[in-house]
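Printed here is work24.txt (compact mmCIF, C-alpha atoms):
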```txt
# COMPACT_ATOMS: atom_id res chain seq x y z
CA MET N 1 105.08 -168.55 -209.52
CA SER N 2 107.07 -167.95 -206.33
CA ASP N 3 110.74 -167.06 -206.48
CA ALA N 4 113.33 -169.69 -205.69
CA ALA N 5 114.57 -167.47 -202.86
CA SER N 6 111.26 -166.76 -201.16
CA PRO N 7 111.14 -163.54 -199.15
CA LEU N 8 111.42 -163.85 -195.39
CA PRO N 9 108.26 -163.63 -193.31
CA ARG N 10 107.51 -160.39 -191.55
CA ILE N 11 108.03 -160.76 -187.82
CA LEU N 12 105.91 -158.89 -185.31
CA GLU N 13 107.63 -158.87 -181.93
CA VAL N 14 104.92 -159.01 -179.30
CA ARG N 15 106.43 -160.20 -175.99
CA THR N 16 103.20 -160.04 -174.05
CA LYS N 17 101.90 -162.15 -171.23
CA ILE N 18 99.19 -164.41 -172.61
CA LEU N 19 97.03 -163.97 -169.51
CA LYS N 20 97.54 -160.19 -169.54
CA LYS N 21 93.81 -159.48 -169.44
CA ASN N 22 93.29 -161.76 -166.43
CA ASP N 23 96.33 -160.24 -164.71
CA GLU N 24 94.97 -156.72 -165.24
CA ILE N 25 91.57 -157.58 -163.76
CA ALA N 26 93.26 -159.39 -160.86
CA ARG N 27 95.54 -156.41 -160.21
CA ALA N 28 92.58 -154.04 -160.11
CA MET N 29 90.70 -156.34 -157.73
CA ARG N 30 93.78 -156.70 -155.50
CA GLY N 31 94.03 -152.93 -155.30
CA ARG N 32 90.39 -152.72 -154.27
CA PHE N 33 90.72 -155.53 -151.72
CA GLU N 34 93.79 -153.89 -150.19
CA ALA N 35 92.08 -150.51 -150.01
CA GLN N 36 89.14 -152.16 -148.25
CA GLY N 37 91.44 -154.07 -145.91
CA VAL N 38 90.11 -157.49 -146.98
CA VAL N 39 92.49 -160.43 -146.96
CA VAL N 40 91.53 -162.68 -149.88
CA VAL N 41 92.41 -166.36 -149.79
CA ASN N 42 92.39 -168.48 -152.95
CA ILE N 43 92.03 -172.13 -151.93
CA VAL N 44 93.33 -174.70 -154.42
CA SER N 45 93.55 -178.47 -154.22
CA SER N 46 92.48 -181.59 -156.06
CA PRO N 47 88.83 -182.69 -155.76
CA GLY N 48 88.11 -184.42 -152.47
CA THR N 49 90.92 -182.91 -150.40
CA GLY N 50 88.36 -181.31 -148.13
CA LYS N 51 88.35 -177.67 -149.20
CA THR N 52 84.68 -177.25 -148.38
CA ALA N 53 84.88 -178.99 -144.98
CA PHE N 54 87.95 -176.90 -144.09
CA LEU N 55 86.19 -173.75 -145.17
CA GLU N 56 82.98 -174.68 -143.31
CA GLU N 57 84.97 -174.99 -140.09
CA THR N 58 86.88 -171.77 -140.82
CA LEU N 59 83.75 -169.74 -141.59
CA ALA N 60 81.85 -171.12 -138.58
CA ARG N 61 84.65 -170.23 -136.16
CA LEU N 62 85.23 -166.76 -137.58
CA HIS N 63 81.49 -166.07 -137.62
CA ALA N 64 81.18 -167.24 -134.00
CA ARG N 65 83.90 -164.75 -133.05
CA GLY N 66 81.98 -161.97 -134.76
CA ILE N 67 84.57 -161.54 -137.50
CA PRO N 68 82.96 -160.45 -140.79
CA VAL N 69 83.81 -162.88 -143.60
CA ALA N 70 82.37 -164.02 -146.92
CA ALA N 71 83.08 -166.73 -149.45
CA VAL N 72 82.71 -167.51 -153.12
CA VAL N 73 82.94 -171.09 -154.29
CA GLY N 74 83.65 -172.41 -157.76
CA ASP N 75 82.34 -175.68 -159.12
CA LEU N 76 81.61 -177.01 -162.58
CA GLU N 77 77.98 -177.64 -161.65
CA THR N 78 75.62 -177.47 -158.63
CA ASP N 79 75.40 -174.97 -155.81
CA ASN N 80 75.78 -177.72 -153.20
CA ASP N 81 78.97 -176.25 -151.76
CA ALA N 82 77.53 -172.74 -151.48
CA ARG N 83 74.51 -174.13 -149.63
CA ARG N 84 76.79 -176.13 -147.34
CA LEU N 85 78.95 -173.09 -146.59
CA ALA N 86 75.97 -170.77 -146.10
CA ARG N 87 74.91 -172.85 -143.09
CA SER N 88 77.74 -171.14 -141.22
CA GLY N 89 75.67 -167.95 -141.42
CA VAL N 90 78.08 -165.95 -143.58
CA PRO N 91 77.36 -164.57 -147.07
CA VAL N 92 78.31 -167.09 -149.76
CA ARG N 93 78.05 -167.01 -153.53
CA GLN N 94 78.41 -169.90 -155.94
CA ILE N 95 80.28 -169.60 -159.22
CA MET N 96 79.19 -172.31 -161.64
CA THR N 97 81.83 -172.63 -164.32
CA HIS N 98 79.81 -175.03 -166.53
CA GLY N 99 82.73 -177.18 -167.45
CA LEU N 100 85.63 -174.78 -167.01
CA CYS N 101 88.31 -176.37 -164.86
CA HIS N 102 89.48 -173.26 -162.98
CA LEU N 103 88.30 -169.83 -161.86
CA GLU N 104 89.38 -166.72 -163.75
CA ALA N 105 89.58 -163.19 -162.35
CA GLU N 106 86.70 -162.01 -164.52
CA MET N 107 84.35 -164.66 -163.07
CA VAL N 108 85.22 -163.70 -159.51
CA GLN N 109 84.78 -160.03 -160.36
CA ALA N 110 81.36 -160.68 -161.88
CA HIS N 111 80.23 -162.63 -158.82
CA LEU N 112 81.41 -159.92 -156.42
CA ASP N 113 79.35 -157.36 -158.29
CA GLY N 114 77.04 -155.45 -155.98
CA TRP N 115 78.59 -157.01 -152.88
CA ASP N 116 79.83 -154.53 -150.30
CA LEU N 117 83.17 -155.92 -149.20
CA SER N 118 84.16 -153.00 -147.03
CA GLY N 119 84.30 -154.07 -143.42
CA LEU N 120 85.06 -157.68 -144.29
CA HIS N 121 88.17 -159.14 -142.72
CA TYR N 122 88.42 -162.09 -145.07
CA LEU N 123 87.05 -163.25 -148.38
CA PHE N 124 87.62 -166.89 -149.22
CA ILE N 125 87.60 -168.12 -152.80
CA GLU N 126 87.23 -171.87 -153.10
CA ASN N 127 88.65 -172.70 -156.51
CA VAL N 128 87.49 -175.59 -158.68
CA GLY N 129 89.05 -178.84 -157.45
CA ASN N 130 92.05 -179.19 -159.73
CA LEU N 131 95.81 -179.19 -159.16
CA VAL N 132 96.82 -178.14 -162.66
CA CYS N 133 94.55 -175.60 -164.30
CA PRO N 134 94.26 -172.90 -161.58
CA THR N 135 98.08 -172.46 -161.55
CA SER N 136 98.38 -169.42 -163.82
CA TRP N 137 95.16 -167.57 -162.98
CA ASP N 138 95.67 -164.80 -160.49
CA LEU N 139 92.37 -164.01 -158.77
CA GLY N 140 93.63 -160.93 -156.96
CA GLU N 141 94.22 -162.99 -153.84
CA SER N 142 96.52 -162.01 -150.99
CA VAL N 143 97.17 -165.64 -150.05
CA ARG N 144 97.12 -168.76 -152.16
CA LEU N 145 96.43 -171.72 -149.91
CA ALA N 146 97.20 -175.09 -151.48
CA MET N 147 95.82 -178.18 -149.80
CA LEU N 148 96.92 -181.74 -149.70
CA SER N 149 95.08 -184.49 -147.83
CA VAL N 150 96.76 -187.41 -146.11
CA THR N 151 94.74 -189.79 -148.29
CA GLU N 152 96.33 -188.44 -151.48
CA GLY N 153 99.90 -189.48 -150.82
CA GLU N 154 103.03 -187.63 -149.86
CA ASP N 155 104.25 -187.21 -153.43
CA LYS N 156 101.42 -184.91 -154.60
CA PRO N 157 103.75 -181.86 -154.55
CA LEU N 158 106.23 -183.68 -156.80
CA LYS N 159 103.46 -184.66 -159.20
CA TYR N 160 102.00 -181.15 -159.39
CA PRO N 161 104.99 -178.87 -158.80
CA GLY N 162 103.56 -176.08 -160.97
CA LEU N 163 100.67 -175.42 -158.66
CA PHE N 164 102.45 -176.06 -155.37
CA ASN N 165 105.18 -173.69 -156.51
CA THR N 166 102.65 -170.83 -156.62
CA ALA N 167 101.35 -171.47 -153.08
CA ASP N 168 101.92 -169.06 -150.19
CA LEU N 169 100.80 -171.57 -147.61
CA VAL N 170 99.98 -175.29 -147.53
CA ALA N 171 97.42 -177.06 -145.36
CA ILE N 172 97.66 -180.81 -144.98
CA THR N 173 94.06 -181.89 -144.40
CA LYS N 174 92.41 -184.94 -142.80
CA ILE N 175 95.39 -185.25 -140.45
CA ASP N 176 93.12 -187.30 -138.14
CA LEU N 177 93.41 -190.10 -140.73
CA ALA N 178 97.21 -189.89 -140.93
CA SER N 179 98.03 -193.10 -139.10
CA ALA N 180 95.26 -195.10 -140.83
CA CYS N 181 96.75 -193.99 -144.18
CA GLU N 182 100.32 -194.53 -142.97
CA PHE N 183 100.93 -190.95 -144.00
CA ASP N 184 104.58 -189.93 -143.71
CA ARG N 185 104.37 -186.32 -142.61
CA ASP N 186 108.11 -185.65 -142.81
CA LEU N 187 108.26 -186.98 -146.36
CA ALA N 188 105.32 -184.79 -147.42
CA VAL N 189 106.98 -181.71 -145.91
CA ALA N 190 110.30 -182.60 -147.57
CA ASN N 191 108.50 -182.97 -150.92
CA LEU N 192 106.88 -179.56 -150.46
CA GLU N 193 110.23 -178.06 -149.56
CA VAL N 194 111.86 -179.09 -152.86
CA VAL N 195 109.10 -177.54 -154.97
CA ARG N 196 108.40 -174.53 -152.76
CA PRO N 197 111.35 -173.86 -150.44
CA GLY N 198 110.46 -172.20 -147.15
CA ILE N 199 106.70 -172.80 -147.46
CA ARG N 200 104.73 -172.82 -144.20
CA VAL N 201 102.84 -176.08 -143.71
CA LEU N 202 99.84 -176.44 -141.41
CA GLU N 203 98.50 -179.81 -140.29
CA THR N 204 94.74 -179.68 -140.03
CA SER N 205 91.58 -181.64 -139.55
CA ALA N 206 88.21 -180.04 -140.12
CA LYS N 207 86.68 -183.01 -138.31
CA THR N 208 88.63 -182.82 -135.03
CA GLY N 209 89.48 -179.14 -135.34
CA GLN N 210 93.21 -179.82 -135.13
CA GLY N 211 95.30 -177.01 -136.58
CA ILE N 212 92.33 -174.74 -137.32
CA ASP N 213 93.19 -172.25 -134.58
CA GLU N 214 96.75 -172.14 -135.86
CA TRP N 215 95.38 -171.42 -139.34
CA LEU N 216 93.19 -168.62 -138.01
CA MET N 217 96.19 -167.15 -136.18
CA GLU N 218 98.17 -167.32 -139.41
CA LEU N 219 95.35 -165.45 -141.17
CA ASP N 220 95.21 -162.87 -138.42
CA GLY N 221 98.95 -162.31 -138.66
CA ARG N 222 98.71 -161.84 -142.41
CA ARG N 223 95.87 -159.38 -142.00
CA LEU N 224 97.88 -157.33 -139.52
CA ARG N 225 100.87 -157.40 -141.82
CA GLY N 226 98.64 -156.27 -144.67
CA ARG N 227 98.65 -159.45 -146.75
CA MET R 1 91.28 -178.05 -170.44
CA HIS R 2 92.50 -174.63 -169.34
CA GLU R 3 94.54 -174.70 -172.56
CA LEU R 4 91.44 -173.51 -174.44
CA SER R 5 91.30 -170.37 -172.28
CA ILE R 6 95.00 -169.82 -172.99
CA ALA R 7 94.57 -170.42 -176.74
CA THR R 8 91.65 -167.97 -176.83
CA SER R 9 93.82 -165.33 -175.13
CA ILE R 10 96.64 -165.97 -177.62
CA VAL R 11 94.25 -165.49 -180.53
CA GLU R 12 92.76 -162.29 -179.06
CA ILE R 13 96.16 -160.70 -178.42
CA ALA R 14 97.67 -161.84 -181.73
CA ALA R 15 94.67 -160.69 -183.79
CA GLY R 16 94.96 -157.25 -182.18
CA HIS R 17 98.64 -156.98 -183.10
CA VAL R 18 98.05 -158.18 -186.67
CA LEU R 19 95.29 -155.61 -187.13
CA GLU R 20 97.52 -152.89 -185.69
CA ALA R 21 100.28 -153.88 -188.12
CA GLY R 22 97.91 -153.42 -191.05
CA GLY R 23 96.71 -157.00 -191.46
CA GLY R 24 98.20 -159.77 -193.51
CA ARG R 25 98.14 -163.54 -193.54
CA VAL R 26 99.48 -165.04 -190.33
CA LEU R 27 101.91 -167.90 -190.87
CA ALA R 28 102.81 -168.67 -187.30
CA VAL R 29 102.39 -167.60 -183.70
CA ILE R 30 105.32 -168.19 -181.40
CA VAL R 31 104.70 -168.65 -177.69
CA ARG R 32 107.02 -169.29 -174.76
CA VAL R 33 105.70 -171.74 -172.19
CA GLY R 34 107.62 -172.32 -168.98
CA ARG R 35 107.74 -175.90 -167.79
CA LEU R 36 106.25 -174.82 -164.45
CA ALA R 37 103.27 -173.12 -166.10
CA SER R 38 101.15 -176.31 -165.93
CA VAL R 39 100.37 -176.16 -169.65
CA HIS R 40 100.38 -179.24 -171.87
CA GLU R 41 101.84 -178.52 -175.27
CA GLY R 42 99.69 -181.04 -177.17
CA ALA R 43 96.51 -179.82 -175.52
CA LEU R 44 97.49 -176.21 -176.27
CA ARG R 45 98.06 -177.09 -179.94
CA SER R 46 94.65 -178.77 -180.23
CA ALA R 47 93.00 -175.85 -178.46
CA PHE R 48 94.77 -173.38 -180.74
CA ASP R 49 93.44 -175.17 -183.83
CA VAL R 50 89.93 -174.77 -182.43
CA ALA R 51 90.41 -171.17 -181.30
CA ILE R 52 91.75 -169.83 -184.62
CA ALA R 53 88.71 -170.86 -186.66
CA ASP R 54 87.02 -167.83 -188.26
CA THR R 55 89.67 -165.44 -186.92
CA PRO R 56 92.50 -163.56 -188.70
CA LEU R 57 94.76 -166.36 -187.47
CA ALA R 58 92.95 -169.13 -189.33
CA GLY R 59 95.45 -171.41 -191.06
CA SER R 60 98.37 -170.35 -188.89
CA GLU R 61 100.70 -172.60 -186.98
CA LEU R 62 101.41 -172.49 -183.26
CA ARG R 63 105.08 -172.81 -182.35
CA VAL R 64 105.74 -173.55 -178.72
CA VAL R 65 109.10 -172.77 -177.19
CA ALA R 66 109.29 -174.84 -174.00
CA VAL R 67 111.28 -172.91 -171.42
CA PRO R 68 113.17 -175.01 -168.87
CA VAL R 69 113.29 -173.92 -165.26
CA ARG R 70 116.33 -171.88 -164.23
CA ILE R 71 117.07 -171.19 -160.60
CA PHE R 72 119.62 -168.97 -158.97
CA CYS R 73 121.71 -171.09 -156.65
CA ARG R 74 123.13 -169.12 -153.76
CA SER R 75 125.72 -171.77 -152.91
CA CYS R 76 127.06 -171.81 -156.47
CA ALA R 77 126.42 -168.06 -156.88
CA GLY R 78 125.02 -168.65 -160.35
CA GLU R 79 122.02 -169.59 -162.46
CA ARG R 80 121.42 -173.27 -163.08
CA GLU R 81 119.09 -174.93 -165.56
CA LEU R 82 117.04 -177.82 -164.22
CA ALA R 83 116.39 -181.00 -166.17
CA GLY R 84 112.91 -181.45 -164.70
CA ILE R 85 110.38 -179.69 -162.52
CA GLY R 86 109.97 -182.20 -159.69
CA SER R 87 112.61 -180.52 -157.56
CA LEU R 88 114.16 -177.08 -157.35
CA ALA R 89 117.45 -178.54 -156.15
CA CYS R 90 120.58 -177.22 -157.84
CA PRO R 91 121.90 -179.91 -160.22
CA THR R 92 125.47 -179.00 -159.24
CA CYS R 93 125.40 -178.84 -155.45
CA GLY R 94 121.92 -179.99 -154.42
CA THR R 95 120.89 -176.80 -152.59
CA VAL R 96 117.17 -176.16 -153.01
CA SER R 97 116.38 -172.70 -154.31
CA GLY R 98 113.10 -170.84 -154.53
CA ASP R 99 114.71 -168.12 -156.60
CA ILE R 100 113.23 -169.03 -159.98
CA ARG R 101 114.65 -167.03 -162.89
CA ALA R 102 112.82 -168.76 -165.76
CA GLY R 103 110.30 -171.51 -166.38
CA THR R 104 107.00 -170.00 -165.21
CA GLU R 105 106.34 -167.83 -168.28
CA LEU R 106 103.31 -167.92 -170.51
CA GLU R 107 104.14 -165.38 -173.20
CA LEU R 108 103.21 -164.54 -176.73
CA GLU R 109 106.61 -163.87 -178.21
CA SER R 110 106.07 -163.02 -181.85
CA ILE R 111 103.91 -163.42 -184.93
CA GLU R 112 105.11 -164.37 -188.39
CA LEU R 113 103.26 -162.74 -191.24
CA GLU R 114 103.44 -163.61 -194.90
CA PRO R 115 105.94 -161.31 -196.61
CA PRO R 116 104.32 -158.47 -198.55
CA ASP R 117 103.64 -159.43 -202.15
CA THR R 118 105.49 -156.82 -204.20
CA SER R 119 103.14 -157.28 -207.17
CA THR R 120 100.15 -156.06 -205.17
CA ILE R 121 101.80 -153.29 -203.17
CA GLY R 122 99.32 -150.52 -202.73
CA ALA R 123 96.37 -152.92 -202.85
CA ALA R 124 94.11 -153.19 -199.87
CA THR R 125 95.25 -155.84 -197.43
CA THR R 126 92.12 -155.98 -195.37
CA GLY R 127 89.95 -157.77 -197.90
CA PRO R 128 89.23 -161.49 -197.86
CA VAL R 129 92.43 -163.49 -197.72
CA GLU R 130 92.79 -166.81 -199.43
CA ILE R 131 93.99 -169.42 -197.02
CA ALA R 132 96.40 -171.88 -198.54
CA THR R 133 96.01 -175.43 -197.34
CA PRO R 134 99.19 -176.61 -195.70
```

Could you take the file, read its structure, and then write that structure out as structure tokens?
Amino acid sequence: MSDAASPLPRILEVRTKILKKNDEIARAMRGRFEAQGVVVVNIVSSPGTGKTAFLEETLARLHARGIPVAAVVGDLETDNDARRLARSGVPVRQIMTHGLCHLEAEMVQAHLDGWDLSGLHYLFIENVGNLVCPTSWDLGESVRLAMLSVTEGEDKPLKYPGLFNTADLVAITKIDLASACEFDRDLAVANLEVVRPGIRVLETSAKTGQGIDEWLMELDGRRLRGR
Amino acid sequence: MHELSIATSIVEIAAGHVLEAGGGRVLAVIVRVGRLASVHEGALRSAFDVAIADTPLAGSELRVVAVPVRIFCRSCAGERELAGIGSLACPTCGTVSGDIRAGTELELESIELEPPDTSTIGAATTGPVEIATP
């Protein structure tokens, strides 16, 4: 029935970002955060890097200094991390993703609903432990902090360049275990440099407290600079 | 499996454009995926097949244009395409550059619709559409 020379398909030019909806929500949230003067930190790493321990130490120190902070934490299941973080005395909310491997702007927005953020200095978002999926989801953050523990190996940035390339700051965690793991710090920094040139790298241990003050100073500087 | 979230977004955006264009059977959806976007093409394809069920895109094909990373190298004063994503070093001179010009995109480029059937011009196009098996 069809002609030998079949007519050409009709082409609809779209040229739209696939995550447009997420980007729009994130942009609106960023505008609100900026207007309220809240620095928002999106923490990304693989599972087991020590995001929660790092955040526990961060929240406890900021709270002790009387600095108003809050946190939301994403996990596939359980509110274990939220309960752990709440022990620091700051407001914490758990986002249970029920299988989803990353947080999306809409989920963060829904969990911030009814929360008065004005007056907060910092809001921390602990993403789901994953070095791939969170890459393209903007959560309206001012700072994306990527983490890498000494137990994971120096080549993590080379294995997951997509995510490390979106980071504003990197924290190497569990630095107290560096010598036991024969961790080559210079190699790790060099590997970060080729996937994210010029990135600032902090060496930290939530256990000994090493590097945490430096991290808090970095946060303070960013808050004063407005991001 | 963040590819399912991406596929769902593709379907939502594409269905909106098809509806706006007056409907029609969708043959293919063309997306551009940068190599730094952390998206696996096979996983995206599988997710797309799941996401299009019972939508105006049912039966359509996903075409993925993989976009290599391009950096601007200051030493060479020019754009350079990279073979991989494990290093942002210029393939010509070795200088590392954070000035990425391409390779992070996640875009819906275009949609291919079945050409209008001249024998039924004037007929409603919004009714049930027969889906041909590939």

Restricting the calculation to all atoms listed in the file, which member of R:Ala77, R:Leu88, R:Val33, R:Val11 is positioned closest to Asp54 (chain R)?
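With all atoms listed in the file as the atom set, the closest residue is R:Val11.
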
Nearest to chain R among N:Leu85, N:Cys101, N:Ala167, N:Ala110, with distances taken over all atoms listed in the file: which residue is it?
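Between N:Leu85, N:Cys101, N:Ala167, N:Ala110, the residue approaching chain R most closely is N:Cys101.
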
With only C-alpha atoms as the basis for distance, which of N:Lys20, N:Lys156, N:His102, N:Arg10 is at the shortest distance from Thr135 (chain N)?
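Using only C-alpha atoms, Thr135 (chain N) sits closest to N:His102.
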
Identify, on the basis of all atoms listed in the file, every residue whose closest approach to Gly103 (chain R) does not exceed 9 Å; exclude the query and any residue fewer than 3 positions from it along the same chain; express the result as a list in words.
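Contacts, with the query itself left out: Val33, Gly34, Arg35, Leu36, Ala37, Ala66, Val67, Pro68, Val69, Arg70, Ile71, Ile100 and Leu106 of chain R.
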
Just need the residues of chain R within 10 Å of chain N, counting all atoms listed in the file, so spit them out as a PyMOL selection string.
chain R and resi 1-14+17-18+21+24+26-40+85-89+95-100+103-117

Around all listed atoms of region 132-146 of chain N, padded 8 Å per side, what centre and edge lengths does the axis-aligned box have in Å to one decimal, as lines of an AutoDock Vina configuration file?
```
center_x = 95.4
center_y = -169.5
center_z = -157.1
size_x = 22.0
size_y = 33.2
size_z = 30.4
```

Given all atoms listed in the file as the counted atoms, nearest of N:Arg27, N:Lys174, N:Arg185, N:Arg222 to Lys207 (chain N):
N:Lys174

Could you tell me how far CA of Gly50 (chain N) lies from CA of Leu112 (chain N), in Å and to one decimal?
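Interatomic distance here is 24.0 Å.
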
Separation of CA of Val39 (chain N) from CA of Asp168 (chain N), in Å and rounded to one decimal
13.2 Å

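In this structure, CA of Gly209 (chain N) sits 20.4 Å away from CA of Asp184 (chain N).
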
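If only C-alpha atoms are the atoms counted, then among N:Glu57, N:Glu154, N:Asp75, N:Asp138 the closest residue to Met29 (chain N) is N:Asp138.
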
Surrounding residues of Val72 (chain N) excluding itself and chain neighbours under 6 positions, 7 Å, all atoms listed in the file, as a count of residues only
7

Which neighbours of Ala86 (chain N) fall inside 10 Å, counting all atoms listed in the file, when residues of the same chain fewer than 6 positions from it are skipped, and could you give them as a list of chain:residue names?
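Result of the neighbour search: N:Glu56, N:Leu59, N:Ala60, N:Ala70, N:Ala71, N:Asn80, N:Val92, N:Arg93.
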
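The shell of residues at most 10 Å from region 31-34 of chain N, with all atoms listed in the file counted and near chain neighbours (fewer than 6 positions) removed, consists of Ile25, Val40, Leu117, Ser118, Leu120, Tyr122, Leu123, Gly140, Glu141, Ser142, Gly226 and Arg227 of chain N.
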
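Residues with any atom within 9 Å of Leu216 (chain N), counting all atoms listed in the file and excluding same-chain neighbours fewer than 3 positions away, are Thr58, Arg61, Leu62, Gly211, Ile212, Asp213, Leu219, Asp220 and Gly221 of chain N.
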
Selected residues written out, C-alpha atoms, as a PDB file, in the coordinates of the input:
```pdb
ATOM      1  CA  THR N  58      86.880-171.770-140.820  1.00  0.00           C
ATOM      2  CA  ARG N  61      84.650-170.230-136.160  1.00  0.00           C
ATOM      3  CA  LEU N  62      85.230-166.760-137.580  1.00  0.00           C
ATOM      4  CA  GLY N 211      95.300-177.010-136.580  1.00  0.00           C
ATOM      5  CA  ILE N 212      92.330-174.740-137.320  1.00  0.00           C
ATOM      6  CA  ASP N 213      93.190-172.250-134.580  1.00  0.00           C
ATOM      7  CA  LEU N 219      95.350-165.450-141.170  1.00  0.00           C
ATOM      8  CA  ASP N 220      95.210-162.870-138.420  1.00  0.00           C
ATOM      9  CA  GLY N 221      98.950-162.310-138.660  1.00  0.00           C
TER      10      GLY N 221
END
```
